[in-house]
file query30.pdb (PDB, N, CA and C atoms, pLDDT in the B column)
ATOM      1  N   MET A   1      89.475 133.044  75.434  1.00 58.00           N
ATOM      2  CA  MET A   1      89.997 132.103  76.403  1.00 58.00           C
ATOM      3  C   MET A   1      89.016 130.931  76.512  1.00 58.00           C
ATOM      4  N   SER A   2      89.544 129.737  76.493  1.00 68.00           N
ATOM      5  CA  SER A   2      88.676 128.564  76.614  1.00 68.00           C
ATOM      6  C   SER A   2      88.481 128.201  78.081  1.00 68.00           C
ATOM      7  N   ARG A   3      87.366 127.581  78.350  1.00 81.00           N
ATOM      8  CA  ARG A   3      87.049 127.134  79.700  1.00 81.00           C
ATOM      9  C   ARG A   3      86.663 125.664  79.643  1.00 81.00           C
ATOM     10  N   ILE A   4      87.073 124.942  80.659  1.00 77.00           N
ATOM     11  CA  ILE A   4      86.707 123.533  80.750  1.00 77.00           C
ATOM     12  C   ILE A   4      85.385 123.457  81.490  1.00 77.00           C
ATOM     13  N   VAL A   5      84.425 122.812  80.880  1.00 77.00           N
ATOM     14  CA  VAL A   5      83.112 122.658  81.497  1.00 77.00           C
ATOM     15  C   VAL A   5      82.903 121.178  81.786  1.00 77.00           C
ATOM     16  N   VAL A   6      82.597 120.861  83.031  1.00 70.00           N
ATOM     17  CA  VAL A   6      82.331 119.482  83.425  1.00 70.00           C
ATOM     18  C   VAL A   6      80.840 119.360  83.674  1.00 70.00           C
ATOM     19  N   LYS A   7      80.219 118.451  82.951  1.00 76.00           N
ATOM     20  CA  LYS A   7      78.782 118.257  83.106  1.00 76.00           C
ATOM     21  C   LYS A   7      78.518 116.959  83.858  1.00 76.00           C
ATOM     22  N   PRO A   8      77.552 116.955  84.759  1.00 75.00           N
ATOM     23  CA  PRO A   8      77.217 115.738  85.495  1.00 75.00           C
ATOM     24  C   PRO A   8      76.712 114.672  84.536  1.00 75.00           C
ATOM     25  N   PRO A   9      76.802 113.420  84.788  1.00 74.00           N
ATOM     26  CA  PRO A   9      77.402 112.881  86.009  1.00 74.00           C
ATOM     27  C   PRO A   9      78.907 112.696  85.858  1.00 74.00           C
ATOM     28  N   ILE A  10      79.621 112.922  86.914  1.00 69.00           N
ATOM     29  CA  ILE A  10      81.046 112.635  86.955  1.00 69.00           C
ATOM     30  C   ILE A  10      81.182 111.211  87.481  1.00 69.00           C
ATOM     31  N   ILE A  11      81.804 110.354  86.711  1.00 71.00           N
ATOM     32  CA  ILE A  11      81.927 108.942  87.088  1.00 71.00           C
ATOM     33  C   ILE A  11      83.307 108.717  87.689  1.00 71.00           C
ATOM     34  N   HIS A  12      83.340 108.230  88.894  1.00 73.00           N
ATOM     35  CA  HIS A  12      84.586 107.957  89.584  1.00 73.00           C
ATOM     36  C   HIS A  12      84.892 106.467  89.519  1.00 73.00           C
ATOM     37  N   THR A  13      86.150 106.126  89.668  1.00 74.00           N
ATOM     38  CA  THR A  13      86.509 104.715  89.690  1.00 74.00           C
ATOM     39  C   THR A  13      85.926 104.059  90.933  1.00 74.00           C
ATOM     40  N   PRO A  14      85.608 102.774  90.837  1.00 77.00           N
ATOM     41  CA  PRO A  14      85.049 102.088  91.999  1.00 77.00           C
ATOM     42  C   PRO A  14      86.083 101.947  93.107  1.00 77.00           C
ATOM     43  N   ALA A  15      85.605 101.711  94.310  1.00 84.00           N
ATOM     44  CA  ALA A  15      86.508 101.520  95.446  1.00 84.00           C
ATOM     45  C   ALA A  15      87.276 100.210  95.281  1.00 84.00           C
ATOM     46  N   PHE A  16      88.524 100.223  95.679  1.00 89.00           N
ATOM     47  CA  PHE A  16      89.339  99.012  95.641  1.00 89.00           C
ATOM     48  C   PHE A  16      90.423  99.144  96.700  1.00 89.00           C
ATOM     49  N   LYS A  17      90.948  97.995  97.136  1.00 92.00           N
ATOM     50  CA  LYS A  17      92.022  98.015  98.120  1.00 92.00           C
ATOM     51  C   LYS A  17      93.316  98.426  97.428  1.00 92.00           C
ATOM     52  N   GLU A  18      94.066  99.269  98.090  1.00 94.00           N
ATOM     53  CA  GLU A  18      95.326  99.759  97.535  1.00 94.00           C
ATOM     54  C   GLU A  18      96.459  99.390  98.487  1.00 94.00           C
ATOM     55  N   PHE A  19      97.519  98.844  97.932  1.00 96.00           N
ATOM     56  CA  PHE A  19      98.698  98.466  98.698  1.00 96.00           C
ATOM     57  C   PHE A  19      99.901  99.189  98.117  1.00 96.00           C
ATOM     58  N   SER A  20     100.971  99.280  98.871  1.00 97.00           N
ATOM     59  CA  SER A  20     102.187  99.893  98.349  1.00 97.00           C
ATOM     60  C   SER A  20     103.393  99.042  98.733  1.00 97.00           C
ATOM     61  N   ILE A  21     104.445  99.189  97.942  1.00 96.00           N
ATOM     62  CA  ILE A  21     105.687  98.475  98.193  1.00 96.00           C
ATOM     63  C   ILE A  21     106.840  99.411  97.824  1.00 96.00           C
ATOM     64  N   GLY A  22     107.883  99.396  98.620  1.00 96.00           N
ATOM     65  CA  GLY A  22     109.048 100.224  98.335  1.00 96.00           C
ATOM     66  C   GLY A  22     109.793  99.721  97.105  1.00 96.00           C
ATOM     67  N   GLY A  23     110.432 100.622  96.406  1.00 94.00           N
ATOM     68  CA  GLY A  23     111.155 100.262  95.181  1.00 94.00           C
ATOM     69  C   GLY A  23     112.235  99.223  95.406  1.00 94.00           C
ATOM     70  N   ASP A  24     113.007  99.358  96.487  1.00 93.00           N
ATOM     71  CA  ASP A  24     114.068  98.380  96.767  1.00 93.00           C
ATOM     72  C   ASP A  24     113.492  97.005  97.087  1.00 93.00           C
ATOM     73  N   GLU A  25     112.393  96.985  97.852  1.00 95.00           N
ATOM     74  CA  GLU A  25     111.751  95.708  98.181  1.00 95.00           C
ATOM     75  C   GLU A  25     111.199  95.041  96.925  1.00 95.00           C
ATOM     76  N   LEU A  26     110.589  95.817  96.045  1.00 95.00           N
ATOM     77  CA  LEU A  26     110.064  95.282  94.789  1.00 95.00           C
ATOM     78  C   LEU A  26     111.188  94.725  93.932  1.00 95.00           C
ATOM     79  N   ARG A  27     112.290  95.464  93.843  1.00 93.00           N
ATOM     80  CA  ARG A  27     113.437  94.997  93.052  1.00 93.00           C
ATOM     81  C   ARG A  27     113.941  93.659  93.571  1.00 93.00           C
ATOM     82  N   LEU A  28     114.049  93.524  94.887  1.00 94.00           N
ATOM     83  CA  LEU A  28     114.516  92.264  95.479  1.00 94.00           C
ATOM     84  C   LEU A  28     113.563  91.114  95.170  1.00 94.00           C
ATOM     85  N   LYS A  29     112.254  91.374  95.220  1.00 95.00           N
ATOM     86  CA  LYS A  29     111.271  90.324  94.905  1.00 95.00           C
ATOM     87  C   LYS A  29     111.384  89.891  93.446  1.00 95.00           C
ATOM     88  N   ILE A  30     111.521  90.852  92.552  1.00 95.00           N
ATOM     89  CA  ILE A  30     111.622  90.535  91.127  1.00 95.00           C
ATOM     90  C   ILE A  30     112.912  89.775  90.845  1.00 95.00           C
ATOM     91  N   GLU A  31     114.017  90.238  91.407  1.00 94.00           N
ATOM     92  CA  GLU A  31     115.283  89.541  91.197  1.00 94.00           C
ATOM     93  C   GLU A  31     115.260  88.161  91.847  1.00 94.00           C
ATOM     94  N   GLY A  32     114.500  88.003  92.935  1.00 97.00           N
ATOM     95  CA  GLY A  32     114.342  86.690  93.566  1.00 97.00           C
ATOM     96  C   GLY A  32     113.641  85.692  92.663  1.00 97.00           C
ATOM     97  N   LEU A  33     112.874  86.200  91.692  1.00 97.00           N
ATOM     98  CA  LEU A  33     112.209  85.335  90.712  1.00 97.00           C
ATOM     99  C   LEU A  33     113.130  84.999  89.539  1.00 97.00           C
ATOM    100  N   GLY A  34     114.356  85.526  89.574  1.00 97.00           N
ATOM    101  CA  GLY A  34     115.315  85.267  88.502  1.00 97.00           C
ATOM    102  C   GLY A  34     115.185  86.214  87.326  1.00 97.00           C
ATOM    103  N   ILE A  35     114.483  87.319  87.524  1.00 95.00           N
ATOM    104  CA  ILE A  35     114.290  88.302  86.459  1.00 95.00           C
ATOM    105  C   ILE A  35     115.275  89.440  86.667  1.00 95.00           C
ATOM    106  N   THR A  36     116.012  89.779  85.616  1.00 92.00           N
ATOM    107  CA  THR A  36     116.969  90.873  85.679  1.00 92.00           C
ATOM    108  C   THR A  36     116.277  92.164  85.258  1.00 92.00           C
ATOM    109  N   ILE A  37     116.514  93.206  86.017  1.00 89.00           N
ATOM    110  CA  ILE A  37     115.957  94.517  85.687  1.00 89.00           C
ATOM    111  C   ILE A  37     117.114  95.360  85.156  1.00 89.00           C
ATOM    112  N   PRO A  38     117.223  95.507  83.836  1.00 89.00           N
ATOM    113  CA  PRO A  38     118.392  96.175  83.270  1.00 89.00           C
ATOM    114  C   PRO A  38     118.545  97.641  83.682  1.00 89.00           C
ATOM    115  N   CYS A  39     117.460  98.349  83.871  1.00 89.00           N
ATOM    116  CA  CYS A  39     117.546  99.773  84.222  1.00 89.00           C
ATOM    117  C   CYS A  39     117.239 100.032  85.693  1.00 89.00           C
ATOM    118  N   GLY A  40     116.925  99.018  86.442  1.00 85.00           N
ATOM    119  CA  GLY A  40     116.567  99.189  87.841  1.00 85.00           C
ATOM    120  C   GLY A  40     115.153  99.712  88.007  1.00 85.00           C
ATOM    121  N   VAL A  41     114.781 100.008  89.234  1.00 88.00           N
ATOM    122  CA  VAL A  41     113.465 100.595  89.495  1.00 88.00           C
ATOM    123  C   VAL A  41     113.639 102.102  89.641  1.00 88.00           C
ATOM    124  N   PHE A  42     112.677 102.842  89.173  1.00 91.00           N
ATOM    125  CA  PHE A  42     112.821 104.293  89.129  1.00 91.00           C
ATOM    126  C   PHE A  42     112.113 105.024  90.260  1.00 91.00           C
ATOM    127  N   ASP A  43     111.076 104.427  90.827  1.00 93.00           N
ATOM    128  CA  ASP A  43     110.306 105.104  91.864  1.00 93.00           C
ATOM    129  C   ASP A  43     110.611 104.519  93.231  1.00 93.00           C
ATOM    130  N   SER A  44     110.402 105.321  94.254  1.00 93.00           N
ATOM    131  CA  SER A  44     110.664 104.842  95.613  1.00 93.00           C
ATOM    132  C   SER A  44     109.487 104.048  96.165  1.00 93.00           C
ATOM    133  N   VAL A  45     108.274 104.267  95.619  1.00 95.00           N
ATOM    134  CA  VAL A  45     107.087 103.549  96.066  1.00 95.00           C
ATOM    135  C   VAL A  45     106.256 103.145  94.857  1.00 95.00           C
ATOM    136  N   TYR A  46     105.735 101.926  94.873  1.00 95.00           N
ATOM    137  CA  TYR A  46     104.846 101.425  93.826  1.00 95.00           C
ATOM    138  C   TYR A  46     103.535 101.008  94.469  1.00 95.00           C
ATOM    139  N   TYR A  47     102.433 101.280  93.775  1.00 95.00           N
ATOM    140  CA  TYR A  47     101.107 100.954  94.286  1.00 95.00           C
ATOM    141  C   TYR A  47     100.510  99.829  93.460  1.00 95.00           C
ATOM    142  N   TYR A  48      99.736  98.967  94.123  1.00 94.00           N
ATOM    143  CA  TYR A  48      99.097  97.851  93.435  1.00 94.00           C
ATOM    144  C   TYR A  48      97.828  97.479  94.178  1.00 94.00           C
ATOM    145  N   THR A  49      97.057  96.576  93.591  1.00 94.00           N
ATOM    146  CA  THR A  49      95.840  96.094  94.217  1.00 94.00           C
ATOM    147  C   THR A  49      95.795  94.578  94.134  1.00 94.00           C
ATOM    148  N   ASN A  50      94.787  93.983  94.744  1.00 96.00           N
ATOM    149  CA  ASN A  50      94.621  92.535  94.719  1.00 96.00           C
ATOM    150  C   ASN A  50      93.766  92.135  93.509  1.00 96.00           C
ATOM    151  N   PRO A  51      93.591  90.826  93.251  1.00 95.00           N
ATOM    152  CA  PRO A  51      92.793  90.402  92.090  1.00 95.00           C
ATOM    153  C   PRO A  51      91.366  90.957  92.096  1.00 95.00           C
ATOM    154  N   GLU A  52      90.752  91.049  93.268  1.00 92.00           N
ATOM    155  CA  GLU A  52      89.391  91.593  93.331  1.00 92.00           C
ATOM    156  C   GLU A  52      89.380  93.072  92.932  1.00 92.00           C
ATOM    157  N   GLY A  53      90.405  93.801  93.355  1.00 91.00           N
ATOM    158  CA  GLY A  53      90.519  95.199  92.984  1.00 91.00           C
ATOM    159  C   GLY A  53      90.684  95.374  91.487  1.00 91.00           C
ATOM    160  N   TRP A  54      91.549  94.542  90.878  1.00 90.00           N
ATOM    161  CA  TRP A  54      91.731  94.606  89.423  1.00 90.00           C
ATOM    162  C   TRP A  54      90.432  94.268  88.711  1.00 90.00           C
ATOM    163  N   ALA A  55      89.695  93.288  89.225  1.00 88.00           N
ATOM    164  CA  ALA A  55      88.434  92.901  88.589  1.00 88.00           C
ATOM    165  C   ALA A  55      87.455  94.075  88.582  1.00 88.00           C
ATOM    166  N   SER A  56      87.332  94.782  89.699  1.00 85.00           N
ATOM    167  CA  SER A  56      86.393  95.909  89.735  1.00 85.00           C
ATOM    168  C   SER A  56      86.869  97.056  88.851  1.00 85.00           C
ATOM    169  N   LEU A  57      88.159  97.291  88.794  1.00 84.00           N
ATOM    170  CA  LEU A  57      88.685  98.375  87.963  1.00 84.00           C
ATOM    171  C   LEU A  57      88.575  98.062  86.475  1.00 84.00           C
ATOM    172  N   LEU A  58      88.998  96.866  86.083  1.00 85.00           N
ATOM    173  CA  LEU A  58      89.012  96.522  84.663  1.00 85.00           C
ATOM    174  C   LEU A  58      87.616  96.433  84.081  1.00 85.00           C
ATOM    175  N   VAL A  59      86.659  95.861  84.826  1.00 80.00           N
ATOM    176  CA  VAL A  59      85.279  95.790  84.347  1.00 80.00           C
ATOM    177  C   VAL A  59      84.742  97.196  84.148  1.00 80.00           C
ATOM    178  N   ASP A  60      85.032  98.075  85.074  1.00 72.00           N
ATOM    179  CA  ASP A  60      84.554  99.460  84.983  1.00 72.00           C
ATOM    180  C   ASP A  60      85.168 100.167  83.770  1.00 72.00           C
ATOM    181  N   LEU A  61      86.429  99.905  83.481  1.00 74.00           N
ATOM    182  CA  LEU A  61      87.100 100.582  82.374  1.00 74.00           C
ATOM    183  C   LEU A  61      86.731 100.006  81.010  1.00 74.00           C
ATOM    184  N   VAL A  62      86.591  98.687  80.930  1.00 76.00           N
ATOM    185  CA  VAL A  62      86.380  98.025  79.642  1.00 76.00           C
ATOM    186  C   VAL A  62      84.909  98.035  79.219  1.00 76.00           C
ATOM    187  N   CYS A  63      84.013  97.961  80.151  1.00 66.00           N
ATOM    188  CA  CYS A  63      82.596  97.783  79.823  1.00 66.00           C
ATOM    189  C   CYS A  63      81.817  99.089  79.683  1.00 66.00           C
ATOM    190  N   LYS A  64      82.468 100.190  79.552  1.00 57.00           N
ATOM    191  CA  LYS A  64      81.730 101.466  79.420  1.00 57.00           C
ATOM    192  C   LYS A  64      81.716 101.935  77.997  1.00 57.00           C
TER     193      LYS A  64
END
call {"tool": "encode", "arguments": {"input": "query30.pdb", "output": "structure tokens"}}
result
Amino acid sequence: MSRIVVKPPIIHTPAFKEFSIGGDELRLKIEGLGITIPCGVFDSVYYYTNPEGWASLLVDLVCK
């Protein structure tokens, strides 16, 4: 039987602001921009961050 062994250090993603938007609200915003969503939205809630949050996440992911 195999076992998963985790050795320190465990690196976690940096802190960032997290926002959420309902699927119907997101669909209305996208369609308000004139974009057609052929299959619709599939989830009831979507999560996103602000530009500063993306900057901290992407630098952490790309520069390692």
call {"tool": "atom_distance", "arguments": {"input": "query30.pdb", "atom1": "atom N of Arg27 in chain A", "atom2": "CA of Tyr46 in chain A"}}
result
9.5 Å
call {"tool": "select_by_dssp", "arguments": {"input": "query30.pdb", "residues": "range 1-61 of chain A", "states": "strand (DSSP E)", "output": "list in words"}}
result
Phe19, Ser20, Ile21, Gly22, Val45, Tyr46, Tyr47 and Tyr48 of chain A
call {"tool": "write_last_selection", "arguments": {"input": "query30.pdb", "atoms": "N, CA and C atoms", "output": "tab-separated table (two decimals), in the coordinates of the input"}}
result
chain	number	residue	atom	x	y	z
A	19	PHE	N	97.52	98.84	97.93
A	19	PHE	CA	98.70	98.47	98.70
A	19	PHE	C	99.90	99.19	98.12
A	20	SER	N	100.97	99.28	98.87
A	20	SER	CA	102.19	99.89	98.35
A	20	SER	C	103.39	99.04	98.73
A	21	ILE	N	104.44	99.19	97.94
A	21	ILE	CA	105.69	98.48	98.19
A	21	ILE	C	106.84	99.41	97.82
A	22	GLY	N	107.88	99.40	98.62
A	22	GLY	CA	109.05	100.22	98.34
A	22	GLY	C	109.79	99.72	97.10
A	45	VAL	N	108.27	104.27	95.62
A	45	VAL	CA	107.09	103.55	96.07
A	45	VAL	C	106.26	103.14	94.86
A	46	TYR	N	105.74	101.93	94.87
A	46	TYR	CA	104.85	101.42	93.83
A	46	TYR	C	103.54	101.01	94.47
A	47	TYR	N	102.43	101.28	93.78
A	47	TYR	CA	101.11	100.95	94.29
A	47	TYR	C	100.51	99.83	93.46
A	48	TYR	N	99.74	98.97	94.12
A	48	TYR	CA	99.10	97.85	93.44
A	48	TYR	C	97.83	97.48	94.18
call {"tool": "resolve_selection", "arguments": {"input": "query30.pdb", "expression": "the PyMOL selection byres ((chain A and resi 22) around 7)", "output": "ChimeraX atom specification"}}
result
/A:20-21,23-27,43-46
call {"tool": "axis_aligned_box", "arguments": {"input": "query30.pdb", "around": "range 46-64 of chain A", "padding_each_side": "4 Å", "output": "AutoDock Vina command-line options"}}
result
--center_x 93.7 --center_y 96.2 --center_z 86.4 --size_x 32.0 --size_y 19.5 --size_z 24.9
call {"tool": "select_by_dssp", "arguments": {"input": "query30.pdb", "residues": "chain A", "states": "helix (DSSP H, G or I)", "output": "VMD selection string"}}
result
chain A and resid 23 to 32 51 to 62
call {"tool": "atom_distance", "arguments": {"input": "query30.pdb", "atom1": "CA of Gly32 in chain A", "atom2": "CA of Leu57 in chain A"}}
result
28.7 Å
call {"tool": "atom_distance", "arguments": {"input": "query30.pdb", "atom1": "atom N of Thr49 in chain A", "atom2": "CA of Glu31 in chain A"}}
result
19.7 Å
call {"tool": "closest_residue", "arguments": {"input": "query30.pdb", "among": "A:Val6, A:Ile11, A:Phe16, A:Pro38", "to": "Trp54 in chain A", "atoms": "all atoms listed in the file"}}
result
A:Phe16
call {"tool": "resolve_selection", "arguments": {"input": "query30.pdb", "expression": "the PyMOL selection byres (((chain A and resi 14 and name CA) around 10) and name CA)", "output": "VMD selection string"}}
result
chain A and resid 11 to 13 15 to 16 53 56 to 57 59 to 61
